[in-house]
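Heads up, the thing below is written out as structure tokens.
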Amino acid sequence: MENIQSIDGMELIYKKPSTLTDTVFHYCPGCGHSVVHRVLMEVVEELGIQDKTIGVAPVGCSVFAYHYMDIDMQEAAHGRASAVATGIKRMLPDKYVFSYQGDGDLAAIGTAETIHTINRGENLLIVFINNAIYGMTGGQMAPTSLLGMVTSTSPYGRDKNLIGYPLRITELVANLPGAYYVTRQAVYTPNAVRKLKKAITKAFQYQDLKKGTSFIEVVSNCPSGWKMTPVEAIGFLENDMFPQYPLGDIKVPQDKPETGPEGKNN
Amino acid sequence: MENIQSIDGMELIYKKPSTLTDTVFHYCPGCGHSVVHRVLMEVVEELGIQDKTIGVAPVGCSVFAYHYMDIDMQEAAHGRASAVATGIKRMLPDKYVFSYQGDGDLAAIGTAETIHTINRGENLLIVFINNAIYGMTGGQMAPTSLLGMVTSTSPYGRDKNLIGYPLRITELVANLPGAYYVTRQAVYTPNAVRKLKKAITKAFQYQDLKKGTSFIEVVSNCPSGWKMTPVEAIGFLENDMFPQYPLGDIKVPQDKPETGPEGKNN
Amino acid sequence: MNNTENSTNDDVRLMKGNEALAEAAIRAGMDGYFGYPITPQSEVLEYFANECPKRGGVVLQAESELAAINMIYGAAGTGARVMTSSSSPGISLMQEGLSYITSAQLPCLVVNVVRGGPGLGTIQPSQGDYFQATKGGGHGDYHLIVLAPASVQEMADFVFEGFRLAEKYRNPSMILADGALGQMMEKVVLPPAGSLAKRKYDWTTVGKPATRERNIITSLFIQPEKMEQINLNLQAKYEEMKKEVKFEEINTKDADIILVAFGLSARICQKSVDLAREKGIRLGLLRPITLYPYPYDRLRELAAQVEFFLVVEMNAGQMVEDVRLAVEGRKPVYFKGRMGGMIPSPEDIFGEVEAIIEKQSISQD
Amino acid sequence: MNNTENSTNDDVRLMKGNEALAEAAIRAGMDGYFGYPITPQSEVLEYFANECPKRGGVVLQAESELAAINMIYGAAGTGARVMTSSSSPGISLMQEGLSYITSAQLPCLVVNVVRGGPGLGTIQPSQGDYFQATKGGGHGDYHLIVLAPASVQEMADFVFEGFRLAEKYRNPSMILADGALGQMMEKVVLPPAGSLAKRKYDWTTVGKPATRERNIITSLFIQPEKMEQINLNLQAKYEEMKKEVKFEEINTKDADIILVAFGLSARICQKSVDLAREKGIRLGLLRPITLYPYPYDRLRELAAQVEFFLVVEMNAGQMVEDVRLAVEGRKPVYFKGRMGGMIPSPEDIFGEVEAIIEKQSISQD
Amino acid sequence: MIKGTVIIDGVICKGCELCIVACPQESLGLSSHINKAGYRYVELIKDNCTGCVNCALVCPEAAITVYRQPKSALKKNVKSAEVIG
Amino acid sequence: MIKGTVIIDGVICKGCELCIVACPQESLGLSSHINKAGYRYVELIKDNCTGCVNCALVCPEAAITVYRQPKSALKKNVKSAEVIG
Amino acid sequence: MQKAQEIIFAGFGGQGILSMGQIIAYAAMIENKEISWMPSYGPEMRGGTANCTVIVSDQRISSPILSKFDSGVVLNQPSLDKFEPSIKPGGFLLYEASGIINPPTRNDIEILSIAAVEEATKKLNKRQVANMILVGAFLERRPIVKMENILKALKKVLPERHHHLIPLNEQALMLGKKFAQEAENVTV
Amino acid sequence: MQKAQEIIFAGFGGQGILSMGQIIAYAAMIENKEISWMPSYGPEMRGGTANCTVIVSDQRISSPILSKFDSGVVLNQPSLDKFEPSIKPGGFLLYEASGIINPPTRNDIEILSIAAVEEATKKLNKRQVANMILVGAFLERRPIVKMENILKALKKVLPERHHHLIPLNEQALMLGKKFAQEAENVTV
Ligand SMILES: Cc1ncc(C[n+]2csc(CCOP(=O)(O)OP(=O)(O)O)c2C)c(N)n1
Ligand SMILES: Cc1ncc(C[n+]2csc(CCOP(=O)(O)OP(=O)(O)O)c2C)c(N)n1
Ligand code: SF4
Ligand code: SF4
Ligand code: SF4
Ligand code: SF4
Ligand code: SF4
Ligand code: SF4
Ligand SMILES: [Mg+2]
Ligand SMILES: [Mg+2]
């Protein structure tokens with residue numbers, strides 16, 4: 001939709017990025033996915049890299065990401081997004097490649113691919129949407145589900161004795177030397193969204209400098225999966241999710257990437 | 001073979017455990033695998049748990065472990081030993097179950113199963129034989145291969161820019177709450193063998209107490225894979241392997257398991 | 001296994017196919033279920049997650065289908081009665097494991113609630129995995145015992161049958177259903193609990209007492225002579241299994257034309273038979289219930305009687321090859337298929353029959 | 001891609017099948033290889049690991065076959081000429097990926113150097129993965145283009161042919177070899193580098209310029225109507241592919257009896273033909289080179305001419321079903337198989353022919 | 001205070017109320033009507049928007065466009081944003 | 001010093017020499033013969049074994065059996081262990 | 001009554017679409033009829049719509065998935081738009097009025113509109129039982145199962161913890177029944 | 001010469017088994033013969049044994065894997081035990097003497113024994129070329145390829161970095177040839 005450029009002398013200061021299509025999101029009300037989509041596409045727009053960016057989204061609620069992001073995209077098999085992204089990046093080392101994966105995808109079935117993509121230091125961005133649940137398939141327990149959390153496959157609450165503790169895969173992968181930048185963000189407040197945008201911008205810049213893998217977890221809102229209203233979901237994030245998944249940078253670059261392209265391939 | 005009980009008044013003080021069969025090992029001269037087999041079986045003999053122990057060995061040089069260990073065993077598909085062990089243990093929670101896996105198996109193709117078995121805190125023992133190479137298939141690079149190491153698939157030496165750094169999966173899994181006891185041992189000297197035996201004994205005791213996963217890495221000798229003599233291999237271990245894979249405990253129990261069965265299932 | 005009174009007093013229910021299957025498994029004395037969510041069969045895992053903690057049996061959500069099938073391998077190796085379920089893409093991930101399980105001769109039950117493929121495809125019902133199920137999607141010469149239910153009732157019944165055959169032959173059984181059978185509710189009369197006796201095995205890995213040699217579960221026989229022998233044993237078993245072949249015939253006695261269809265397609269064909277009979281066309285239906293072993297012999301017999309066969313499948317033509325192999329050119333074998341989650345209608349099928357009749361100018365008097 | 005003078009001056013070599021295949025791929029302008037070690041084909045990855053750093057092309061040892069096939073998916077989606085290779089268990093792990101790749105219509109080359117199954121089996125040569133390769137081991141209705149080399153020379157040549165067909169039809173090709181073909185050395189005349197032109201694609205994901213709509217690689221079509229259309233397109237493509245069918249005939253012109261065999265079995269059958277001819281028996285050999293599409297038509301034609309067919313495979317009887325489907329009962333189709341890594345001898349096969357003749361009391365005058 | 005306004009696409013709004021919560025000015029509220037997709041959509045209900053963009057940042061539907069007085073310009077009244085749809 | 005001895009199964013010894021390296025007494029050495037499997041096997045070459053078990057612990061073939069004088073017993077000579085095979 | 005009655009129920013998720021169908025199916029089961037109930041499933045739900053097909057028959061039921069229906073009960077505009085054309089000529093279309101902006105236009109079918117949400121909210125103080133008002137109305141026009149069996153079915157289909165709501169559901173059913181008795185068909 | 005010559009080479013890994021076969025195969029290739037070389041592969045190698053089958057023929061070669069051979073060149077006891085029975089009657093068996101405790105017993109084949117390791121160590125000061133002594137001896141008895149082509153083949157088969165060893169290999173070949181000329185067959 002075309003935006004009016006000014007109203008009563010007021011200037012247009014925020015609009016949906018042109019890198020998002022006009023397709024209406026199919027997500028549930030209050031879902032975090034589409035906010036992350038938008039922020040990603042804002043960064044792509046601002047960096048002017050729409051023609052150089054390839055995204056990979058595996059199955060999960062965001063499987064139709066390609067309906068919304070106006071960039072070349074590949075849909076990947078469940079868990080294999082980072083392998084698919086590796087395939088793309090190895091063929092097109094000078095393009096920007098990101099995968100966009102849910103917690104079921106990245107931290108359950110795709111664990112091996114996640115660890116090895118990062119261990120190889122593949123020069124790409126992994127966006128990890130952690131909603132502590134399998135959204136698409138109807139709310140089953142994920143490796144990230146909180147202790148005691150009731151899901152359709154943990155109807156009596158997640159029990160550490162039966163299935164272990166929530167998996168903090170982000171902290172785990174931060175230990176790998178191939179991980180250059182690892183951070184945990186959210187989209188539950190305007191400021192959180194601003195921070196996420198900064199993080200994504202940095203990640204693309206590091207990719208330009210061939211620094212290795214950037215890994216951005218977004219602790220995302222999933223009102224449907226959590227069986228609550230979008231506004232209640234904010235409370236759940238603050239009271240339950242963040243204590244287990246504290247926001248902030250987990251691994252920041254040790255060198256000074258700003259000083260020039262002294263990437264690892266040099 | 002029957003051992004003579006005494007010679008010239010000297011007593012028999014060390015013999016091959018009865019829990020090893022009489023089959024001659026098929027391993028290359030100086031291979032660490034059979035030492036670990038023997039130590040495992042010594043512990044099984046000493047604890048008197050031959051009738052309660054089930055082992056799982058996947059494909060790898062030690063795929064024929066069942067020729068040597070005189071216990072019920074399952075051969076597993078490449079990478080899936082810990083999933084197979086999980087299946088056994090969940091059916092037989094009061095038996096002792098261990099998997100015995102190479103680095104290709106456990107840290108490459110089986111990464112997801114490794115992480116999740118431990119994250120669930122499956123109450124079993126994982127023995128991880130790290131020889132920094134794919135022995136069975138003829139010496140290809142493993143995720144654990146050292147930087148610069150020449151293998152049949154890294155003929156110019158392992159290059160961190162192409163394939164990343166050696167994966168220290170043991171340190172990685174030690175971060176998981178399900179991992180109760182994590183240690184790195186070797187079999188290159190008599191003392192190392194003694195320490196390994198202690199570690200394995202502890203691991204079985206913890207299993208008895210239902211403490212969760214014990215994970216014992218053995219940085220093993222692989223003269224053939226490293227293309228050197230068995231004696232040279234000891235030097236390689238000391239000079240090259242241990243700096244990357246330092247020996248010692250990585251995670252030790254925080255509670256007092258000795259005080260009684262206050263395992264996690266209580 | 002404990003059954004609450006609740007369940008035993010409650011044998012007639014309105015249930016989804018997936019739920020009926022899970023309830024039947026509990027009643028069949030299932031010891032363990034290992035699975036991973038996927039539409040359209042997640043209800044199976046969910047049902048167990050609800051019920052097993054109350055009624056016994058282990059249920060474990062695995063980290064993937066790959067892990068699940070290998071947990072099955074391990075668990076089945078202890079002699080436990082175990083099962084997994086998934087839908088098409090997840091079943092594809094199990095192919096290596098299924099080849100191993102079959103080669104190691106481990107009994108277990110695998111359920112495929114098929115959706116439209118290939119690839120991620122659609123979640124709507126399909127029969128596109130017939131080849132994978134019956135010819136062996138994994139490597140090497142092996143076969144699953146394949147049962148094709150056509151109703152929620154059979155979703156329940158075939159769990160018992162699946163376990164029974166698997167354990168009798170030390171070979172995995174597969175229930176090949178589809179998304180509609182999994183999702184639809186129908187009346188089901190649940191089989192009584194405890195009616196499927198457990199076998200005593202001597203090959204299981206449960207810990208070696210001093211009184212016997214160690215047991216080994218393996219599929220590795222590096223000497224080709226030995227591996228050939230393993231294969232000959234398997235083939236002998238498949239030969240033996242032929243006697244388990246099962247099929248249903250509807251109006252075949254006097255039939256001039258026979259529809260051949262399994263599962264959901266067969267239900268639909270039944271209505272086509274009614275339509276035809278109303279119009280005086282002697283149409284019949286043969287519904288293979290075991291897809292492996294396959295009712296080649298009966299089809300060959302029927303070839304003498306009929307004018308032609310029309311095979312109806314929700315795929316591009318898979319079982320039709322088995323029908324052709326049975327009929328061996330004696331009579332024409334036609335095919336009508338829908339794909340990608342589409343379901344043929346009884347009218348379409350009957351229309352096809354009429355069109356062929358017209359083409360063939362067969363006089364039906 | 002740069003070819004060193006070394007290689008271009010050096011077109012005739014004594015090479016292992018695996019090496020010839022890899023060398024041919026480099027000459028075919030392969031952009032990327034993603035693979036995982038497994039006997040008996042690890043030499044492929046090893047060859048690339050040696051050569052690609054010098055001569056161009058990406059080579060990456062993946063963490064598993066599962067990762068490898070999905071890297072192929074991603075890389076093929078960029079329009080690159082990519083391949084992977086493995087042996088039976090590893091190929092089983094790729095089944096989900098292959099179903100996706102076929103559904104998303106991505107060209108690539110997959111090599112299966114088959115070993116004896118099922119399960120871990122043996123590393124000796126086998127043809128036990130015929131069904132998996134030709135009928136589709138993954139879920140849904142799809143087919144790979146399947147080429148069956150019978151010599152080291154063809155291991156090299158079919159790389160070119162495999163890429164060509166894959167790219168022409170946007171469908172994965174598979175080279176179905178076996179452990180012997182991979183491991184043996186023979187003389188090979190290597191195809192010249194640069195002789196396989198690259199296509200310009202408009203569907204690749206390489207970054208969307210302002211001048212075109214975005215490209216999407218997907219196999220997801222949630223609406224069954226759409227998914228059915230995708231399937232109809234695939235089926236139309238398979239129909240179209242039929243014209244690519246290839247086979248070799250040896251002494252079939254006057255043959256009373258025809259052996260049907262592919263790959264290594266066919267080599268051996270050739271010797272059996274010689275043995276028979278020496279004895280005055282008019283034996284011929286039909287060797288399907290493309291296993292999909294399959295030479296049904298030619299076999300059907302030959303059925304008119306011969307007394308019977310004997311199908312020889314290193315498995316329990318897989319291709320024999322396709323021969324029966326072609327022959328449709330017109331003539332007897334017999335089967336002789338070895339399994340688990342065993343290889344039939346020319347004498348055995350000829351002996352089988354003689355035994356059948358005896359049984360049939362055919363007079364060969 | 002800087003003057004701003006928002007235009008909310010009521011057709012695609014799903015009434016999640018995240019913008020309402022995020023607005024420091026309490027300028028937004030749910031309409032009593034439902035849109036075609038069945039949701040009560042959000043409207044600007046007060047004339048005190050500062051154009052802080054908060055609402056737009058958290059909106060999952062990218063339904064909000066924000067306008068603001070240039071810092072240099074004089075304050076003047078603007079009419080409240082219309083709901084489109 | 002406590003007196004010990006070892007019996008080495010020369011049939012299965014693969015001549016890896018790890019025991020030789022491990023022996024604090026330098027009691028072990030490679031035979032000049034090869035066994036059926038093609039390996040030069042290890043023999044006790046000195047009569048100074050203390051039965052410390054080191055060699056047996058590192059032996060990959062579990063080829064070494066160790067005997068030792070009971071701590072209470074008097075020292076006496078034992079003949080060197082024979083190579084079996 | 002016809003040999004088979006094929007009904008589509010459709011609306012937003014949360015409107016009790018699936019349970020409307022289940023209750024009728026359960027009642028039919030009690031009457032020893034052949035039944036099938038088939039929901040829409042999968043990520044369609046994300047969009048917020050839900051539907052189920054119920055077939056009640058004296059004979060074995062072939063396909064549980066249909067493209068044409070004898071009757072439809074729809075609760076929102078998208079469902080009305082989608083399913084109005086799928087009702088067989090002479091069929092019956094019942095819809096909840098409050099969510100509908102563009103009413104149905106066919107004149108070859110029987111059409112009834114009820115403001116069930118309004119009724120439920122005002123008269124029963126519980127918006128959630130609007131679906132039962134519709135069931136009551138539906139059965140008045142298409143009495144494929146007996147009301148007493150619907151009441152039995154309620155007990156089976158409602159989870160134990162909601163059994164205290166059964167009287168309210170009963171009231172809603174009666175309200176719908178009465179409404180259908182009194183109401184005129186919508187004429188188009 | 002026969003139409004085809006089927007040879008098995010067998011011994012421990014590290015004795016140069018595979019390259020013996022390769023060099024003969026390569027030489028045959030130079031002579032435009034049909035050839036196939038097939039190694040034992042896989043974990044058998046762990047045990048330390050290696051073997052390869054070489055077929056040199058005027059006709060297209062069918063199976064590269066055989067169970068009977070025209071001749072055998074064996075370098076250790078396990079290989080002798082395994083392959084002695086597989087030599088066709090009238091065939092030729094050449095073995096390296098130093099590793100053999102139980103010599104062959106067949107009397108329907110030609111048997112030649114050379115202490116090639118000793119010869120190589122003593123006369124050429126390089127244990128590693130024992131295999132070439134055996135090749136030389138083999139070709140003397142079974143001249144399936146010309147010696148000049150063996151020399152050409154050496155250049156191809158040896159990696160560049162070992163080309164300085166070619167003269168030594170040549171000497172070894174000649175030594176073997178001479179030995180075979182002079183030696184008596186082993187009589188059993
Ligand atoms: C091989 C395979 N297994 C299972 C599925 C079913 N499936 C689709 S998405 C998904 C998980 C979704 O959870 P997540 O990745 O956390 O994404 P979300 O929907 O929560 O955003 C599953 C299990 C599948 N499509 N393929
Ligand atoms: C699915 C599959 N892929 C590959 C192989 C081949 N393979 C067998 S063992 C092995 C790796 C061996 O390495 P490791 O696990 O480190 O054990 P090691 O032999 O070094 O002790 C591989 C790749 C296989 N058997 N199955
Ligand atoms: S289920 Fe959760 S993640 Fe999926 S669309 Fe709904 S709110 Fe978003
Ligand atoms: S290759 Fe290495 S690990 Fe394998 S048997 Fe030989 S020495 Fe042991
Ligand atoms: S721009 Fe700021 S003040 Fe204006 S409506 Fe949005 S959040 Fe409120
Ligand atoms: S945040 Fe967006 S979708 Fe949610 S209520 Fe506000 S405008 Fe509507
Ligand atoms: S027991 Fe000790 S002293 Fe005796 S040989 Fe062995 S290592 Fe040497
Ligand atoms: S350690 Fe064992 S195998 Fe090695 S040389 Fe000593 S006795 Fe022999
Ligand atoms: Mg999730
Ligand atoms: Mg290893």
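In the structure tokens, chains take letters A, B, ... by order of appearance, with residues numbered from 1 within each chain and ligands from 1 in the order shown.
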Q. Counting only C-alpha atoms and all ligand atoms, what residues are within 6 Å of ligand 5, given as a ChimeraX atom specification?
A. /E:5-6,22-25,27-28,49-55,66
Q.
Contacts from chain G to chain C, 9 Å maximum, only C-alpha atoms: show me the residue list as a ChimeraX atom specification.
A. /G:22,25-26,29,34-43,60-66
Selected residues written out with N, CA and C atoms, as a JSON list (two decimals), in the first residue's frame:
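Output (again25.json):
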```
[["chain", "number", "residue", "atom", "x", "y", "z"],
["G", 22, "GLN", "N", -19.23, -32.65, 17.03],
["G", 22, "GLN", "CA", -19.01, -33.84, 17.86],
["G", 22, "GLN", "C", -20.25, -34.25, 18.62],
["G", 25, "ALA", "N", -22.58, -35.90, 16.31],
["G", 25, "ALA", "CA", -22.06, -37.22, 15.96],
["G", 25, "ALA", "C", -22.26, -38.20, 17.11],
["G", 26, "TYR", "N", -22.00, -37.72, 18.31],
["G", 26, "TYR", "CA", -22.12, -38.60, 19.46],
["G", 26, "TYR", "C", -23.56, -39.05, 19.66],
["G", 29, "MET", "N", -24.36, -41.63, 17.26],
["G", 29, "MET", "CA", -23.75, -42.90, 17.64],
["G", 29, "MET", "C", -24.63, -43.62, 18.65],
["G", 34, "GLU", "N", -24.55, -44.77, 11.60],
["G", 34, "GLU", "CA", -23.17, -44.64, 11.14],
["G", 34, "GLU", "C", -22.82, -43.16, 11.15],
["G", 35, "ILE", "N", -21.63, -42.86, 11.59],
["G", 35, "ILE", "CA", -21.26, -41.45, 11.68],
["G", 35, "ILE", "C", -19.80, -41.26, 11.29],
["G", 36, "SER", "N", -19.55, -40.07, 10.81],
["G", 36, "SER", "CA", -18.16, -39.66, 10.71],
["G", 36, "SER", "C", -18.07, -38.18, 10.95],
["G", 37, "TRP", "N", -16.98, -37.81, 11.60],
["G", 37, "TRP", "CA", -16.73, -36.40, 11.94],
["G", 37, "TRP", "C", -15.32, -36.10, 11.48],
["G", 38, "MET", "N", -15.19, -35.08, 10.68],
["G", 38, "MET", "CA", -13.87, -34.82, 10.10],
["G", 38, "MET", "C", -13.55, -33.33, 10.24],
["G", 39, "PRO", "N", -12.52, -33.02, 10.98],
["G", 39, "PRO", "CA", -12.18, -31.59, 11.16],
["G", 39, "PRO", "C", -11.24, -31.08, 10.07],
["G", 40, "SER", "N", -11.25, -29.79, 9.86],
["G", 40, "SER", "CA", -10.12, -29.20, 9.14],
["G", 40, "SER", "C", -8.96, -29.28, 10.11],
["G", 41, "TYR", "N", -7.77, -29.45, 9.60],
["G", 41, "TYR", "CA", -6.65, -29.58, 10.53],
["G", 41, "TYR", "C", -5.40, -28.93, 10.00],
["G", 42, "GLY", "N", -4.52, -28.66, 10.90],
["G", 42, "GLY", "CA", -3.23, -28.12, 10.49],
["G", 42, "GLY", "C", -3.21, -26.61, 10.48],
["G", 43, "PRO", "N", -2.25, -26.04, 9.76],
["G", 43, "PRO", "CA", -1.95, -24.62, 9.93],
["G", 43, "PRO", "C", -3.06, -23.71, 9.43],
["G", 60, "ARG", "N", -22.87, -47.58, 5.87],
["G", 60, "ARG", "CA", -21.43, -47.35, 6.00],
["G", 60, "ARG", "C", -21.07, -46.08, 5.21],
["G", 61, "ILE", "N", -20.25, -45.28, 5.80],
["G", 61, "ILE", "CA", -19.91, -44.00, 5.19],
["G", 61, "ILE", "C", -18.61, -44.15, 4.41],
["G", 62, "SER", "N", -18.63, -43.66, 3.19],
["G", 62, "SER", "CA", -17.40, -43.79, 2.39],
["G", 62, "SER", "C", -16.44, -42.66, 2.75],
["G", 63, "SER", "N", -16.47, -41.58, 2.02],
["G", 63, "SER", "CA", -15.47, -40.54, 2.30],
["G", 63, "SER", "C", -15.92, -39.61, 3.42],
["G", 64, "PRO", "N", -15.05, -39.36, 4.38],
["G", 64, "PRO", "CA", -15.39, -38.39, 5.43],
["G", 64, "PRO", "C", -15.16, -36.95, 4.97],
["G", 65, "ILE", "N", -14.56, -36.81, 3.79],
["G", 65, "ILE", "CA", -14.26, -35.47, 3.27],
["G", 65, "ILE", "C", -15.14, -35.24, 2.05],
["G", 66, "LEU", "N", -15.87, -34.14, 2.07],
["G", 66, "LEU", "CA", -16.86, -33.90, 1.02],
["G", 66, "LEU", "C", -16.65, -32.53, 0.41]]
```
Q: Up to 9 Å from chain B, what residues of chain A turn up? Count only C-alpha atoms and give them as a PyMOL selection string.
A: chain A and resi 107-113+115-116+118-122+143+160-168+171-173+175-178+264-265
Q. What is the distance, in Å and to one decimal place, between atom 1 (S, counted along the ligand's line) of ligand 4 and atom CA of B:Lys195?
A.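 Computing the Euclidean distance for atom 1 (S, counted along the ligand's line) of ligand 4 and atom CA of B:Lys195 yields 23.9 Å.
With the cut-off set to 9 Å and only C-alpha atoms and all ligand atoms counted, the residues surrounding ligand 9 are Gly60, Cys61, Gln101, Gly102, Asp103, Gly104, Asp105, Ile129, Asn130, Asn131, Ala132, Ile133, Tyr134, Gly135, Met136, Gly139, Gln140, Met141, Ala142, Thr144, Ser220, Cys222 and Gly225 of chain A.
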Q.
Using only C-alpha atoms and all ligand atoms, which residues have at least one atom no more than 12 Å from ligand 7? Output them as a ChimeraX atom specification.
A. /B:12-15,189-191 /F:1-8,17-29,42-59,63-69,80-81
(Q) Applying 10 Å and only C-alpha atoms, which residues near stretch 12-15 of chain G remain after dropping the ones on its own chain fewer than 3 positions away? List them as a list of chain:residue names. (A) E:Ala37, E:Gly38, G:Leu18, G:Ser19, G:Met20, G:Met45, G:Arg46, G:Gly47, G:Gly48, G:Thr49, G:Ala50, G:Asn51, G:Val74, G:Leu75, G:Asn76, G:Gln77, G:Pro78, G:Ser79, G:Val117, G:Arg127, G:Gln128, G:Val129, G:Ala130, G:Asn131
Wanna dump the stretch 71-131 of chain D-stretch 53-71 of chain C contacts at 12 Å for me, each residue with its shortest atom pair and the distance in Å to one decimal, counting only C-alpha atoms, ordered by chain and number, as a tab-separated table?
```
residue	atom	partner	partner_atom	distance
D:Ser92	CA	C:Leu66	CA	11.3
D:Leu93	CA	C:Leu66	CA	8.9
D:Met94	CA	C:Leu66	CA	11.6
D:Gln95	CA	C:Leu66	CA	11.9
D:Glu96	CA	C:Leu66	CA	11.1
```
Keeping only N, CA and C atoms, write those residues as a compact mmCIF listing (two decimals), in the first residue's frame.
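Once everything was written out, this is selection-v6.txt:
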```
# COMPACT_ATOMS: atom_id res chain seq x y z
N SER D 92 19.94 -43.99 2.63
CA SER D 92 18.66 -44.08 3.35
C SER D 92 18.41 -42.83 4.18
N LEU D 93 19.46 -42.29 4.74
CA LEU D 93 19.31 -41.07 5.54
C LEU D 93 18.95 -39.86 4.69
N MET D 94 19.13 -39.98 3.40
CA MET D 94 18.86 -38.85 2.51
C MET D 94 17.45 -38.87 1.94
N GLN D 95 16.65 -39.83 2.34
CA GLN D 95 15.36 -40.00 1.65
C GLN D 95 14.42 -38.81 1.83
N GLU D 96 14.38 -38.26 3.02
CA GLU D 96 13.51 -37.09 3.18
C GLU D 96 14.01 -35.97 2.27
```
Q: Could you give me the residues within chain E that DSSP places in strand (DSSP E or B), as a PyMOL selection string?
A: chain E and resi 4-9+28-34+40-44+64-68+83-84
Q) Got a sec: who's within 10 Å of C:Glu167, counting only C-alpha atoms, leaving out chain neighbours fewer than 2 positions off, as a list in words? A)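 What passes the distance filter is Gly79, Arg81, Gln105, Leu106, Pro107, Cys108, Leu109, Glu161, Gly162, Phe163, Arg164, Leu165, Tyr169, Arg170, Asn171, Pro172, Ser173, Lys198, Arg199 and Tyr201 of chain C.
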Q. Between atom CA of B:Glu45 and atom CA of C:Ala210, what is the distance, to one decimal in Å?
A. 12.2 Å
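Between atom CA of B:Val35 and atom CA of B:Val193 the separation is 8.0 Å.
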Q: Select all residues from chain B having any atom no more than 10 Å from an atom of chain F (counting only C-alpha atoms, ignoring ligands), output as JSON, numbers by chain.
A: {"B": [3, 4, 5, 6, 7, 8, 9, 10, 11, 12, 13, 14, 15, 16, 17, 20, 22, 23, 24, 25, 26, 27, 28, 29, 30, 31, 32, 33, 34, 35, 36, 37, 38, 39, 187, 188, 189, 190, 191, 192, 193, 194, 223, 229, 230, 231, 232, 233, 234]}
Counting only C-alpha atoms, give me one row per residue of chain A with an atom at most 7 Å from an atom of chain C, showing the shortest contact pair and its distance in Å to one decimal, sorted by chain then residue number, as JSON lines.
```
{"residue": "A:Ala108", "atom": "CA", "partner": "C:Glu63", "partner_atom": "CA", "distance": 4.9}
{"residue": "A:Ile109", "atom": "CA", "partner": "C:Ser64", "partner_atom": "CA", "distance": 4.7}
{"residue": "A:Thr137", "atom": "CA", "partner": "C:Thr39", "partner_atom": "CA", "distance": 6.1}
{"residue": "A:Ser152", "atom": "CA", "partner": "C:Glu46", "partner_atom": "CA", "distance": 5.8}
{"residue": "A:Thr153", "atom": "CA", "partner": "C:Glu46", "partner_atom": "CA", "distance": 4.9}
{"residue": "A:Ser154", "atom": "CA", "partner": "C:Ala49", "partner_atom": "CA", "distance": 6.4}
{"residue": "A:Pro155", "atom": "CA", "partner": "C:Asn50", "partner_atom": "CA", "distance": 6.1}
```
Q: Go through B:Leu247, B:Leu147, B:Ala83, B:Met228 one by one, measure the shortest atom-to-atom distance of each to ligand 4 using only C-alpha atoms and all ligand atoms, and give the residue with the smallest value.
A: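 Nearest to ligand 4: B:Met228.
Among B:Ala199, B:Val44, B:Val56, B:Val63, the residue with the shortest atom-to-atom distance to ligand 4, counting only C-alpha atoms and all ligand atoms, is B:Val63.
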